[in-house]
Every structure is written in C-alpha cells, then in structure tokens.
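Structure below is protein_33.cif: mmCIF, C-alpha atoms.
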```cif
data_my_file
#
loop_
_atom_site.label_atom_id
_atom_site.label_comp_id
_atom_site.auth_asym_id
_atom_site.auth_seq_id
_atom_site.Cartn_x
_atom_site.Cartn_y
_atom_site.Cartn_z
CA MET A 1 0.00 0.00 0.00
CA ARG A 2 1.26 3.43 -0.95
CA VAL A 3 0.51 5.76 1.96
CA LEU A 4 0.60 9.55 2.00
CA LEU A 5 0.79 11.31 5.38
CA ALA A 6 -0.74 14.78 5.79
CA ASP A 7 -0.25 16.65 9.07
CA ASP A 8 1.02 20.15 9.80
CA GLN A 9 3.16 18.93 12.71
CA THR A 10 6.51 17.67 11.48
CA LEU A 11 7.12 15.56 14.57
CA VAL A 12 3.75 13.81 14.19
CA ARG A 13 4.38 13.13 10.51
CA SER A 14 7.83 11.73 11.24
CA ALA A 15 6.49 9.42 13.94
CA PHE A 16 3.71 8.16 11.66
CA ALA A 17 6.22 7.72 8.81
CA MET A 18 8.49 5.55 10.96
CA LEU A 19 5.53 3.44 12.05
CA VAL A 20 4.06 2.98 8.58
CA SER A 21 7.47 2.22 7.06
CA SER A 22 7.97 -0.53 9.64
CA ALA A 23 5.06 -2.49 8.12
CA CYS A 24 6.15 -4.85 5.35
CA ASP A 25 2.98 -4.21 3.33
CA MET A 26 3.17 -0.40 3.34
CA ASP A 27 5.34 2.34 1.87
CA VAL A 28 5.30 6.05 2.71
CA VAL A 29 5.25 7.78 -0.68
CA GLY A 30 4.97 11.35 0.56
CA GLN A 31 4.46 13.73 3.46
CA ALA A 32 2.37 16.90 3.30
CA GLY A 33 2.24 19.79 5.75
CA THR A 34 -0.86 21.42 4.25
CA GLY A 35 -4.08 20.25 2.65
CA ARG A 36 -3.05 21.70 -0.70
CA GLU A 37 0.18 19.73 -0.63
CA ALA A 38 -1.81 16.61 0.23
CA VAL A 39 -4.03 16.98 -2.84
CA GLU A 40 -1.04 17.59 -5.11
CA LEU A 41 0.95 14.68 -3.70
CA ALA A 42 -2.04 12.35 -3.93
CA ARG A 43 -1.86 12.95 -7.67
CA THR A 44 1.89 12.90 -8.23
CA ALA A 45 2.88 10.19 -5.73
CA ARG A 46 0.12 7.79 -6.84
CA ALA A 47 -0.98 7.17 -3.26
CA ASP A 48 -3.47 4.46 -2.43
CA LEU A 49 -4.44 6.04 0.87
CA VAL A 50 -4.05 9.40 2.58
CA VAL A 51 -3.84 9.70 6.37
CA MET A 52 -5.32 13.19 6.67
CA ASP A 53 -5.25 15.57 9.62
CA ILE A 54 -8.27 17.89 9.74
CA ARG A 55 -6.64 21.02 11.10
CA MET A 56 -3.99 22.22 8.63
CA PRO A 57 -2.97 25.58 7.17
CA ASP A 58 -3.53 26.78 3.60
CA LEU A 59 -6.24 24.18 2.94
CA ASP A 60 -7.78 22.18 5.77
CA GLY A 61 -8.17 18.41 5.72
CA ILE A 62 -11.90 18.58 5.00
CA GLU A 63 -11.52 20.59 1.81
CA ALA A 64 -8.51 18.52 0.80
CA THR A 65 -10.58 15.36 1.26
CA ARG A 66 -13.42 16.87 -0.77
CA ARG A 67 -11.06 17.69 -3.66
CA ILE A 68 -9.54 14.22 -3.64
CA ALA A 69 -12.97 12.58 -3.61
CA ALA A 70 -14.18 14.80 -6.47
CA ASP A 71 -11.16 14.15 -8.71
CA GLU A 72 -11.89 11.35 -11.19
CA ASP A 73 -8.17 10.66 -11.54
CA LEU A 74 -8.03 9.94 -7.80
CA ALA A 75 -11.12 7.73 -7.70
CA GLY A 76 -9.27 4.86 -6.04
CA VAL A 77 -7.60 6.95 -3.33
CA LYS A 78 -8.98 6.39 0.18
CA VAL A 79 -8.82 8.97 2.97
CA LEU A 80 -8.44 8.13 6.65
CA VAL A 81 -9.02 11.24 8.76
CA LEU A 82 -7.22 11.91 12.02
CA THR A 83 -9.05 13.73 14.78
CA THR A 84 -8.82 14.64 18.45
CA TYR A 85 -12.55 14.03 18.81
CA ASP A 86 -12.84 15.69 22.21
CA THR A 87 -12.25 19.06 20.55
CA ASP A 88 -12.72 18.51 16.82
CA GLU A 89 -16.34 18.74 15.68
CA HIS A 90 -15.69 18.68 11.93
CA ILE A 91 -15.47 14.91 11.59
CA VAL A 92 -18.98 14.48 10.18
CA GLU A 93 -18.23 17.09 7.54
CA ALA A 94 -15.07 15.17 6.65
CA LEU A 95 -17.07 11.95 6.24
CA ARG A 96 -19.54 13.81 4.05
CA ALA A 97 -16.64 15.15 2.02
CA GLY A 98 -15.56 11.62 1.15
CA ALA A 99 -13.39 10.28 3.96
CA SER A 100 -13.74 6.54 4.47
CA GLY A 101 -13.30 6.72 8.20
CA PHE A 102 -11.59 8.40 11.09
CA LEU A 103 -9.12 7.61 13.81
CA VAL A 104 -8.33 9.45 17.03
CA LYS A 105 -4.76 10.68 17.25
CA ASP A 106 -3.98 8.95 20.54
CA THR A 107 -4.67 5.51 19.10
CA ARG A 108 -2.14 2.75 19.60
CA PRO A 109 0.45 2.17 16.82
CA ALA A 110 -0.89 -1.27 15.89
CA GLU A 111 -4.40 0.16 15.60
CA LEU A 112 -3.20 2.81 13.13
CA LEU A 113 -1.70 0.13 10.89
CA ASP A 114 -4.86 -1.96 11.14
CA ALA A 115 -6.92 1.12 10.30
CA ILE A 116 -4.87 1.80 7.19
CA ARG A 117 -5.32 -1.80 6.04
CA THR A 118 -9.06 -1.70 6.74
CA VAL A 119 -9.68 1.50 4.78
CA ALA A 120 -7.33 0.52 1.94
CA ALA A 121 -9.30 -2.72 1.57
CA GLY A 122 -12.45 -0.72 0.90
CA GLU A 123 -14.06 -0.90 4.34
CA SER A 124 -15.07 2.12 6.39
CA LEU A 125 -13.51 2.60 9.79
CA LEU A 126 -16.15 3.88 12.20
CA SER A 127 -15.68 3.33 15.90
CA PRO A 128 -19.16 3.11 17.51
CA GLY A 129 -18.51 5.21 20.63
CA PRO A 130 -16.75 8.18 19.06
CA THR A 131 -19.08 8.03 16.05
CA ALA A 132 -22.17 8.40 18.23
CA ARG A 133 -20.70 11.23 20.28
CA LEU A 134 -19.40 13.18 17.30
CA ILE A 135 -22.57 12.86 15.25
CA ALA A 136 -24.68 13.78 18.27
CA ARG A 137 -22.72 17.01 18.65
CA VAL A 138 -22.89 18.04 15.02
CA LEU A 139 -26.56 17.18 14.56
CA ARG A 140 -27.66 19.45 17.39
CA LEU A 141 -27.74 22.17 14.73
CA PRO A 142 -29.92 21.42 11.68
CA GLU A 143 -28.04 21.24 8.44
CA ALA A 144 -29.26 20.16 5.04
CA PRO A 145 -27.48 17.15 3.54
CA PRO A 146 -24.88 18.19 0.95
CA PRO A 147 -25.53 17.73 -2.78
CA GLY A 148 -24.78 14.17 -3.81
CA GLY A 149 -25.16 12.78 -0.30
CA PRO A 150 -27.91 10.38 0.73
CA ALA A 151 -31.16 12.19 1.54
CA PRO A 152 -32.83 11.04 4.78
CA ALA A 153 -36.22 10.92 3.02
CA ALA A 154 -34.86 8.13 0.84
CA LEU A 155 -35.01 5.80 3.85
CA ALA A 156 -38.66 5.28 2.96
CA ALA A 157 -37.44 3.14 0.06
CA LEU A 158 -35.76 0.68 2.42
CA SER A 159 -37.38 -2.56 3.54
CA GLU A 160 -37.73 -3.32 7.24
CA ARG A 161 -34.78 -5.72 7.08
CA GLU A 162 -32.67 -3.11 5.30
CA ARG A 163 -33.51 -0.60 8.02
CA GLN A 164 -32.37 -3.11 10.63
CA VAL A 165 -29.10 -3.65 8.79
CA LEU A 166 -28.58 0.09 8.36
CA ALA A 167 -29.12 0.66 12.08
CA LEU A 168 -26.42 -1.89 12.91
CA VAL A 169 -24.01 -0.37 10.38
CA ALA A 170 -24.61 3.02 12.02
CA ARG A 171 -23.66 1.47 15.37
CA GLY A 172 -20.30 0.47 13.87
CA LEU A 173 -20.92 -3.24 13.24
CA ASN A 174 -19.25 -4.88 10.26
CA ASN A 175 -21.07 -7.27 7.92
CA ALA A 176 -20.21 -10.38 9.91
CA GLU A 177 -21.34 -8.81 13.19
CA ALA A 178 -24.57 -7.52 11.65
CA ALA A 179 -25.22 -10.96 10.16
CA GLN A 180 -24.74 -12.66 13.52
CA THR A 181 -27.02 -10.16 15.28
CA LEU A 182 -29.84 -10.68 12.78
CA GLY A 183 -29.33 -14.39 12.21
CA LEU A 184 -28.24 -13.93 8.59
CA SER A 185 -25.36 -15.24 6.58
CA PRO A 186 -22.45 -12.79 6.08
CA LEU A 187 -23.10 -12.84 2.32
CA THR A 188 -26.75 -11.88 2.85
CA ALA A 189 -25.73 -9.03 5.15
CA LYS A 190 -23.20 -7.82 2.58
CA THR A 191 -25.90 -7.92 -0.11
CA HIS A 192 -28.23 -5.87 2.08
CA VAL A 193 -25.52 -3.26 2.66
CA SER A 194 -24.85 -3.00 -1.08
CA ARG A 195 -28.54 -2.57 -1.83
CA ILE A 196 -28.91 0.08 0.88
CA MET A 197 -25.98 2.02 -0.55
CA GLY A 198 -27.57 1.86 -3.99
CA LYS A 199 -30.96 3.04 -2.77
CA LEU A 200 -29.49 5.92 -0.77
CA GLY A 201 -26.88 6.89 -3.34
CA ALA A 202 -24.17 6.53 -0.70
CA ARG A 203 -20.49 6.26 -1.62
CA ASP A 204 -19.58 4.10 1.34
CA ARG A 205 -20.56 2.96 4.83
CA ALA A 206 -19.53 6.30 6.28
CA GLN A 207 -22.32 8.02 4.39
CA LEU A 208 -24.73 5.32 5.54
CA VAL A 209 -23.93 6.23 9.13
CA ILE A 210 -24.58 9.91 8.46
CA ALA A 211 -27.91 9.10 6.78
CA ALA A 212 -29.01 6.87 9.66
CA TYR A 213 -28.36 9.54 12.27
CA GLU A 214 -29.71 12.46 10.23
CA SER A 215 -32.95 10.61 9.52
CA GLY A 216 -33.50 9.70 13.16
CA LEU A 217 -33.36 5.97 12.40
CA VAL A 218 -30.56 5.80 14.96
CA THR A 219 -30.00 8.08 17.94
CA PRO A 220 -26.80 8.13 20.00
CA THR A 221 -26.96 5.89 23.04
CA CYS A 222 -23.84 7.42 24.53
CA ARG A 223 -24.17 10.48 26.69
CA SER A 224 -23.07 13.48 24.64
CA GLU A 225 -20.18 15.39 26.09
CA SER A 226 -20.62 19.09 26.70
CA PRO A 227 -18.94 21.29 24.10
#
```

This structure in structure tokens:
Amino acid sequence: MRVLLADDQTLVRSAFAMLVSSACDMDVVGQAGTGREAVELARTARADLVVMDIRMPDLDGIEATRRIAADEDLAGVKVLVLTTYDTDEHIVEALRAGASGFLVKDTRPAELLDAIRTVAAGESLLSPGPTARLIARVLRLPEAPPPGGPAPAALAALSERERQVLALVARGLNNAEAAQTLGLSPLTAKTHVSRIMGKLGARDRAQLVIAAYESGLVTPTCRSESP
C-alpha cells in the first residue's frame, strides 16, 4: 500500500512515517504539511491512501478530502481522517466530504496500521462510541445534507430488514457482526448493505452512518459530552 501522510506537525508526521514504514505491506510515498500539498501529492505520488489531519494551514483536511474525492483521476484513493474528537467537531463534515473513516490521534500504533489496512481494503472505519458522540454534537444544529449525499427521506425506500441492517451499520458493526445479530449469513448481510448504498446513493458505509443519524433511524446511546 502506498501511503501519504498529511499533518502540519513535522514531529507527528515523522512518527507516523516511521511506524508505517515498519510495516512490510506499506510504503510512505509522501508527506504533506498542508491540505493543498496533500491533494497535489495524492496525484503525483500515486498514493493508495491518505492519512489526513483535519486542522492544517492553507487548505484544511476537510476541503482537501473533498477535492480528492471529487477528482476522477483519484477515484481509487482512500482517505483516513485523524481527529482529536474531544475538541474537533468537523469529523462528520469530513465523512460527508468523502473520507472513508476516522481515527483518534492517541490511538495505539498497531491500531493505526490496522486502520490503514481496513480503509485501503475498501471498508469504512467507524468506531461506535466516538461516532455516536461526534454525530450527536454536530446534529444538534440542523443542516441540510450536501448535494450528492444520501437524503434522509430516501429511507422510505428501504425494507424493514434493510432498516435493521442500516441501524447496525450506524452502530459500527461490520457485515459479519450484523449478520450474527440478525441471524443472517455474512453474504446476505453484505448484499443488504450493497442494496442500501444503492438506494441511498451513498459512496460508502460512512455516508450510511450519516444518513441513519440524520434521519433519526438511529440516535446516540452514549451520553453526549458538553462542548
């Protein structure tokens, strides 16, 4: 996997670079200190995945993610967003922009490598606890879904079983876990997820989570932290 690291803190980038380079299945193909550099290097370095900090100068990680997701030449590039979720309330916007998941910055080294592998393989990385808290914070203020994102009203097109599967996806369960919960085969659960994405016009599981919370199908069970 060709990994691009984007963070405005040189020390953080260097530490991540040493960790990623230590994995036999990964190569660091570039380091960016701004969002604009990240977009440019994603093109020139032929990265498979970008580990993207949200708070950066020149162009923040959200806009950089949006530009990468909108570029047809970068269609295969995945973005894993880094956040300090206790203070950073832009994570939902980053997921809407096209990020395939997020990771808190104080995660353990092995978890970062696993996260990169998960996102690079085409899965979304959505930790249930932080996801619920972050989405609860952002959705306190009404905001219309962005153009191209799944509209909450479209949930009416889902069957009861599909709604059940969507609710579990929004809680952070993978296909195997959702299948076990509902007494389905993993293949059937995967088929349901694919159909739900098609009906909602969602790019990935991250957008399914946003749609589930925005529509009220799922409400956070964790106590929201005060801002």

Neighbour list for stretch 184-197 of chain A as a short mmCIF file (atom, residue, chain, number, x, y, z; two decimals) with C-alpha atoms, in the frame of the given file, cut-off 9 Å, all atoms listed in the file, skip fewer than 2 positions in-chain:
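part.cif was written with the following content:
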```
data_model
loop_
_atom_site.label_atom_id
_atom_site.label_comp_id
_atom_site.auth_asym_id
_atom_site.auth_seq_id
_atom_site.Cartn_x
_atom_site.Cartn_y
_atom_site.Cartn_z
CA PRO A 150 -27.91 10.38 0.73
CA LEU A 155 -35.01 5.80 3.85
CA LEU A 158 -35.76 0.68 2.42
CA ARG A 161 -34.78 -5.72 7.08
CA GLU A 162 -32.67 -3.11 5.30
CA ARG A 163 -33.51 -0.60 8.02
CA VAL A 165 -29.10 -3.65 8.79
CA LEU A 166 -28.58 0.09 8.36
CA VAL A 169 -24.01 -0.37 10.38
CA ASN A 175 -21.07 -7.27 7.92
CA ALA A 176 -20.21 -10.38 9.91
CA GLU A 177 -21.34 -8.81 13.19
CA ALA A 178 -24.57 -7.52 11.65
CA ALA A 179 -25.22 -10.96 10.16
CA GLN A 180 -24.74 -12.66 13.52
CA THR A 181 -27.02 -10.16 15.28
CA LEU A 182 -29.84 -10.68 12.78
CA LYS A 199 -30.96 3.04 -2.77
CA LEU A 200 -29.49 5.92 -0.77
CA GLY A 201 -26.88 6.89 -3.34
CA ALA A 202 -24.17 6.53 -0.70
CA ARG A 203 -20.49 6.26 -1.62
CA ASP A 204 -19.58 4.10 1.34
CA ARG A 205 -20.56 2.96 4.83
CA GLN A 207 -22.32 8.02 4.39
CA LEU A 208 -24.73 5.32 5.54
#
```

Residues matched by the PyMOL selection byres ((chain A and resi 43-49) around 8), written as a JSON list (two decimals) with C-alpha atoms, keeping the file's coordinate frame:
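Heads up, here's the output in out_0.json:
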```
[["chain", "number", "residue", "atom", "x", "y", "z"],
["A", 1, "MET", "CA", 0.00, 0.00, 0.00],
["A", 2, "ARG", "CA", 1.26, 3.43, -0.95],
["A", 3, "VAL", "CA", 0.51, 5.76, 1.96],
["A", 4, "LEU", "CA", 0.60, 9.55, 2.00],
["A", 29, "VAL", "CA", 5.25, 7.78, -0.68],
["A", 30, "GLY", "CA", 4.97, 11.35, 0.56],
["A", 39, "VAL", "CA", -4.03, 16.98, -2.84],
["A", 40, "GLU", "CA", -1.04, 17.59, -5.11],
["A", 41, "LEU", "CA", 0.95, 14.68, -3.70],
["A", 42, "ALA", "CA", -2.04, 12.35, -3.93],
["A", 50, "VAL", "CA", -4.05, 9.40, 2.58],
["A", 51, "VAL", "CA", -3.84, 9.70, 6.37],
["A", 73, "ASP", "CA", -8.17, 10.66, -11.54],
["A", 74, "LEU", "CA", -8.03, 9.94, -7.80],
["A", 76, "GLY", "CA", -9.27, 4.86, -6.04],
["A", 77, "VAL", "CA", -7.60, 6.95, -3.33],
["A", 78, "LYS", "CA", -8.98, 6.39, 0.18],
["A", 79, "VAL", "CA", -8.82, 8.97, 2.97],
["A", 80, "LEU", "CA", -8.44, 8.13, 6.65],
["A", 116, "ILE", "CA", -4.87, 1.80, 7.19],
["A", 119, "VAL", "CA", -9.68, 1.50, 4.78],
["A", 120, "ALA", "CA", -7.33, 0.52, 1.94]]
```

Can you tell me which residues surround A:Ala97 at a distance of at most 9 Å, considering all atoms listed in the file, apart from same-chain residues fewer than 6 positions away, and format the answer as JSON, numbers by chain?
{"A": [62, 63, 64, 65, 66, 67, 69, 70, 146]}

Just-selected residues, C-alpha atoms written as a PDB file, keeping the file's coordinate frame:
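Everything below was put into out.pdb:
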```pdb
ATOM      1  CA  ILE A  62     -11.900  18.580   5.000  1.00  0.00           C
ATOM      2  CA  GLU A  63     -11.520  20.590   1.810  1.00  0.00           C
ATOM      3  CA  ALA A  64      -8.510  18.520   0.800  1.00  0.00           C
ATOM      4  CA  THR A  65     -10.580  15.360   1.260  1.00  0.00           C
ATOM      5  CA  ARG A  66     -13.420  16.870  -0.770  1.00  0.00           C
ATOM      6  CA  ARG A  67     -11.060  17.690  -3.660  1.00  0.00           C
ATOM      7  CA  ALA A  69     -12.970  12.580  -3.610  1.00  0.00           C
ATOM      8  CA  ALA A  70     -14.180  14.800  -6.470  1.00  0.00           C
ATOM      9  CA  PRO A 146     -24.880  18.190   0.950  1.00  0.00           C
TER      10      PRO A 146
END
```

Residues at most 12 Å from A:Pro109, counting all atoms listed in the file, excluding those fewer than 2 positions away in the same chain, as a list in words?
Ala15, Phe16, Ala17, Met18, Leu19, Val20, Ser22, Ala23, Leu103, Val104, Lys105, Asp106, Thr107, Glu111, Leu112, Leu113, Asp114, Ala115 and Ile116 of chain A

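Reported to one decimal place, the separation of atom CA of A:Tyr213 from atom CA of A:Leu82 is 21.3 Å.
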
What are the centre and edge lengths in Å, to one decimal, of the axis-aligned box around all listed atoms of stretch 184-198 of chain A with 8 Å added on each side, as JSON?
```
{"center_x": -25.7, "center_y": -6.6, "center_z": 2.3, "size_x": 22.5, "size_y": 33.3, "size_z": 28.6}
```

Separation of atom CA of A:Asp27 and atom CA of A:Val12, in Å?
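Taking atom CA of A:Asp27 and atom CA of A:Val12, their separation equals 16.9 Å.
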
If you count all atoms listed in the file, which residues fall within 10 Å of A:Thr34, apart from same-chain ones fewer than 5 positions away, as a VMD selection string?
chain A and resid 6 to 9 39 52 to 61 64

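Using only C-alpha atoms, the shortest contact distance between A:Leu168 and any of A:Thr118, A:Thr10, A:Gln31, A:Thr219 is found at A:Thr219.
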
What is the atom CA of A:Met26 to atom CA of A:Val209 distance in Å?
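Between these atoms lies a distance of 28.5 Å.
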